[in-house]
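Student: The following block contains the structure, expressed as structure tokens.
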Amino acid sequence: MPSAQYISPDQELLFKTNQLDTSQLSTIGITSGPSEYVKIDRDQPSEAKDTFYGKLRCKITNLQDQLNIFLTEQMGKEKNDKDIVELEKKLLDGNDDE
Amino acid sequence: MVDLDRYLKPDQKYYTAIGLEGSANKLAVGIIRHFPGQLSESNRAEVLSNIRDTYITPPGEGFLPRDTARHHRNWVVRLIKRSILESKIDIDELDCICFTKGPGMGAPLQSVVIAARTLSQLWNVPLIGVNHCIGHIEMGREITGADNPVVLYVSGGNTQVIAYSEQRYRIFGETLDIAIGNCLDRFARTLKIPNDPSPGYNIEQLAKKGKNYVELPYTVKGMDMSMSGILAYIDNLANDLFNNKKNNKIVFNEDGSPKITVEDLCFSLQETLFAMLVEITERAMAHVGSQQVLIVGGVGCNERLQEMMKIMVLDRKGYIFATDERFCIDNGIMIAHAGLLEYRMLGEGFDLKDTVCTQRFRTDEVHVKWRD
């Protein structure tokens, strides 16, 4: 089942999905939504079917959310809020002008 | 003559490739077939499937990398499935999976390359990274039959005048700042006109109704051109028109009535920009001694540009070539075609570690092994 391992000088963490109740999961992630500029969203992921792969998709979406929330918190510990928003914006929207 | 079949297997009747394109706001999948031998009048590539979905933003807005990448991530599987169904191929017929390596926007490129890498590992099919500009050029040559033209590549992200020499597509002239499509799209945002089907198309329709030419800066610099100044100038005129700045005598008459309309501005912008393109293309034709011009890229769909270029080319007793929106606008089939040509010369795909994508990828960086 999908999992991820985070290793840093200070800590080691394992993110798991095998213990989750799949009926509570979906393919719509908390952290993979559109930006505030999108008014009508036609690009949502399709809903998961009740099959092995459907449940796998939901677990991966959940795992991605876990990782994104954790990493954002990590960034938060190093800098204050304003800088985080700037850095996140730069990561997501890229240095496309450079 | 370059041998394109040095890696043809003994019982192989044809080559098949799938191409994935997503460097800007269009996500496209194409499946192409090549038959052994040189590509020629009697041996044309066969388009088995060519589908596309465009990420369109509301009027007045451009597309952000993060939302575009999300669109590509969530549509890529749907498009690939549809494409394979439409082409009626078997997965084991695929010789290679081609993807846009660059140039383009970072996050969208990345979304598509991840899909390509996944499929490659899932189906055990080699991967080929393709330069987006080369894709346009090779597909343009294949569809129109132009064999050695001066290529004008004009789109939202690129504006280049290219000619082939000694296994490279050399850039003879280009934009010094923004691409022409970018200039048109940003003006469309100022005007807040719809982005559906594309801002450039809607500007073209408005321009057809323009009657007065408004003089704009004309900025050709040798073999190159610059457009950011023209954009700033015309944005100013449009804003003065919308905000009723009656002291702007270019926009308003003495009695305060508007002298010009939005249609006039669109018309003037097109005439100026396209005249500049015609000039630098003509300069390249003279320099290279070529009699053929091929227009590729999204802005190449514009009928006024085609008309103006045709006047210049016919004046020089040359030939002009252009494609329709299926091949002008970013598509997957051009990536499949250029990728398959490269694959036929290499006999194998890229190592996984070499399948990174890059926002900057010059047209002349590619060694064009399939031409001599």
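Each chain of the structure tokens is named A, B, ... in the order shown, its residues numbered from 1; ligands are numbered from 1 in display order.
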Can you check which residues of region 115-147 of chain B DSSP gives as strand (DSSP E) on the backbone and send them as a list in words?
Tutor: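 Those residues are Leu127, Ile128, Gly129, Val130 and Asn131 of chain B.
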Student: Can you write out the residues you just picked, keeping N, CA, C and O atoms, as a PDB file, in the first residue's frame?
Tutor:
```
ATOM      1  N   LEU B 127      11.235   5.684 -24.245  1.00  0.00           N
ATOM      2  CA  LEU B 127      10.826   7.088 -24.159  1.00  0.00           C
ATOM      3  C   LEU B 127      11.697   7.964 -25.036  1.00  0.00           C
ATOM      4  O   LEU B 127      12.916   7.791 -25.072  1.00  0.00           O
ATOM      5  N   ILE B 128      11.076   8.934 -25.716  1.00  0.00           N
ATOM      6  CA  ILE B 128      11.863   9.901 -26.499  1.00  0.00           C
ATOM      7  C   ILE B 128      11.398  11.306 -26.134  1.00  0.00           C
ATOM      8  O   ILE B 128      10.202  11.604 -26.236  1.00  0.00           O
ATOM      9  N   GLY B 129      12.337  12.148 -25.727  1.00  0.00           N
ATOM     10  CA  GLY B 129      12.012  13.544 -25.421  1.00  0.00           C
ATOM     11  C   GLY B 129      12.160  14.376 -26.676  1.00  0.00           C
ATOM     12  O   GLY B 129      13.113  14.210 -27.432  1.00  0.00           O
ATOM     13  N   VAL B 130      11.206  15.283 -26.910  1.00  0.00           N
ATOM     14  CA  VAL B 130      11.176  16.034 -28.166  1.00  0.00           C
ATOM     15  C   VAL B 130      11.205  17.532 -27.887  1.00  0.00           C
ATOM     16  O   VAL B 130      10.580  17.998 -26.935  1.00  0.00           O
ATOM     17  N   ASN B 131      11.920  18.262 -28.720  1.00  0.00           N
ATOM     18  CA  ASN B 131      11.890  19.723 -28.640  1.00  0.00           C
ATOM     19  C   ASN B 131      10.604  20.198 -29.304  1.00  0.00           C
ATOM     20  O   ASN B 131      10.314  19.858 -30.458  1.00  0.00           O
TER      21      ASN B 131
END
```
Student: Go through chain A residue by residue and, counting only C-alpha atoms, keep those with an atom at most 6 Å from chain B; for each kept residue give the shortest atom pair and its distance in Å to one decimal, ordered by chain and increasing number, as a Markdown table.
Tutor:
```
| residue | atom | partner | partner_atom | distance |
| --- | --- | --- | --- | --- |
| A:Pro34 | CA | B:Asp67 | CA | 5.8 |
| A:Asp43 | CA | B:His71 | CA | 5.2 |
| A:Pro45 | CA | B:Asn74 | CA | 5.2 |
| A:Leu92 | CA | B:Arg66 | CA | 5.6 |
| A:Asp93 | CA | B:Pro65 | CA | 5.1 |
```
Student: For region 171-180 of chain B, find every residue with an atom within 6 Å (counting only C-alpha atoms), except residues of its own chain fewer than 3 positions away, and show them as a list of chain:residue names.
Tutor: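 The residues satisfying every condition are B:Gly156, B:Gly157, B:Asn158, B:Thr159, B:Gln160, B:Val161, B:Ile162, B:Cys183, B:Met223, B:Asp224, B:Met225, B:Ser226.
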Student: Those residues you just picked out, can you put them in a file as a compact mmCIF listing (two decimals), in the first residue's frame with C-alpha atoms?
Tutor:
```txt
# COMPACT_ATOMS: atom_id res chain seq x y z
CA GLY B 156 2.19 32.22 -27.55
CA GLY B 157 5.59 31.20 -26.28
CA ASN B 158 7.89 31.46 -29.28
CA THR B 159 8.61 33.74 -32.22
CA GLN B 160 11.48 32.54 -34.38
CA VAL B 161 12.56 32.57 -38.02
CA ILE B 162 14.34 29.29 -38.69
CA CYS B 183 1.54 40.07 -27.00
CA MET B 223 16.84 40.25 -38.20
CA ASP B 224 15.01 40.38 -34.85
CA MET B 225 11.98 42.18 -33.48
CA SER B 226 10.72 43.43 -30.15
```
Student: Looking at only C-alpha atoms, which of B:Glu279, B:Val366, B:Leu206, B:Asp185 is the one that sits closest to Lys221 (chain B)?
Tutor: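 Of B:Glu279, B:Val366, B:Leu206, B:Asp185, the one nearest Lys221 (chain B), counting only C-alpha atoms, is B:Glu279.
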Student: List the neighbours of Leu25 (chain A) out to 6 Å using only C-alpha atoms; skip same-chain residues closer than 2 positions along the sequence, and give me the result as a VMD selection string.
Tutor: chain A and resid 22 to 23 58
Student: For the residues selected in the previous step, produce a file with N, CA and C atoms as a compact mmCIF listing (two decimals), in the first residue's frame.
Tutor:
```
# COMPACT_ATOMS: atom_id res chain seq x y z
N THR A 22 -11.16 3.28 3.61
CA THR A 22 -11.27 3.83 2.26
C THR A 22 -12.64 4.43 1.96
N SER A 23 -13.66 4.06 2.75
CA SER A 23 -14.97 4.66 2.45
C SER A 23 -14.98 6.14 2.79
N CYS A 58 -7.52 6.79 -4.24
CA CYS A 58 -7.90 7.58 -3.06
C CYS A 58 -6.77 7.61 -2.05
```
Student: As a list in words, please: the residues near Gly298 (chain B) (cut-off 6 Å, only C-alpha atoms, same-chain neighbours under 6 positions excluded).
Tutor: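 Residues meeting the cut-off are Ser155, Cys328 and Ile329 of chain B.
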Student: Those residues you just picked out, can you put them in a file as a compact mmCIF listing (two decimals), in the first residue's frame with N, CA and C atoms?
Tutor:
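What ended up in selection.txt:
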```txt
# COMPACT_ATOMS: atom_id res chain seq x y z
N SER B 155 4.01 31.58 -31.97
CA SER B 155 3.01 31.05 -31.05
C SER B 155 2.97 31.92 -29.81
N CYS B 328 -1.50 23.50 -36.49
CA CYS B 328 -0.87 24.78 -36.13
C CYS B 328 -0.80 24.91 -34.63
N ILE B 329 -1.94 24.69 -34.00
CA ILE B 329 -2.04 24.81 -32.55
C ILE B 329 -1.33 23.60 -31.96
```
Student: Name the residues of chain A that come out as alpha helix (DSSP H) in a backbone DSSP run; write them as JSON, numbers by chain.
Tutor: {"A": [52, 53, 54, 55, 56, 57, 58, 59, 60, 61, 62, 63, 64, 65, 66, 67, 68, 69, 70, 71, 72, 73, 74, 75, 76, 77, 78, 81, 82, 83, 84, 85, 86, 87, 88, 89, 90, 91, 92, 93]}
Student: So which residues touch Asn62 (chain A) within 8 Å, counting only C-alpha atoms, skipping near sequence neighbours fewer than 5 positions away, as a ChimeraX atom specification?
Tutor: /A:17,25-27,29
Student: Could you list, with a cut-off of 12 Å and counting only C-alpha atoms, the residues of region 55-90 of chain A near region 6-14 of chain A, each shown with its nearest atom pair and the distance in Å rounded to one decimal, rows sorted by chain and ascending number, as JSON lines?
Tutor:
```
{"residue": "A:Leu63", "atom": "CA", "partner": "A:Leu14", "partner_atom": "CA", "distance": 10.8}
{"residue": "A:Gln66", "atom": "CA", "partner": "A:Leu14", "partner_atom": "CA", "distance": 10.7}
{"residue": "A:Leu67", "atom": "CA", "partner": "A:Tyr6", "partner_atom": "CA", "distance": 9.1}
{"residue": "A:Phe70", "atom": "CA", "partner": "A:Tyr6", "partner_atom": "CA", "distance": 10.1}
{"residue": "A:Leu71", "atom": "CA", "partner": "A:Tyr6", "partner_atom": "CA", "distance": 9.8}
{"residue": "A:Gln74", "atom": "CA", "partner": "A:Ser8", "partner_atom": "CA", "distance": 11.2}
```
Student: Could you tell me how far CA of Ser32 (chain A) lies from CA of Phe361 (chain B), in Å and to one decimal?
Tutor: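 We find that CA of Ser32 (chain A) and CA of Phe361 (chain B) lie 28.8 Å from each other.
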Student: Considering only C-alpha atoms, return as a PyMOL selection string whatever protein or nucleic-acid residues lie within 9 Å of Met1 (chain A), sequence-local ones (same chain, fewer than 6 positions apart) excluded.
Tutor: chain A and resi 16-18+56+59
Student: Of the candidates B:Pro258, B:Pro199, B:Pro194, B:Gly145, which shows the shortest atom-to-atom distance to Lys246 (chain B), using only C-alpha atoms?
Tutor: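 Under the stated criterion, the closest residue is B:Pro258.
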Student: One decimal, Å: what's the distance from CA of Val47 (chain B) over to CA of Ile32 (chain B), could you say?
Tutor: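 CA of Ile32 (chain B) lies 4.8 Å from CA of Val47 (chain B).
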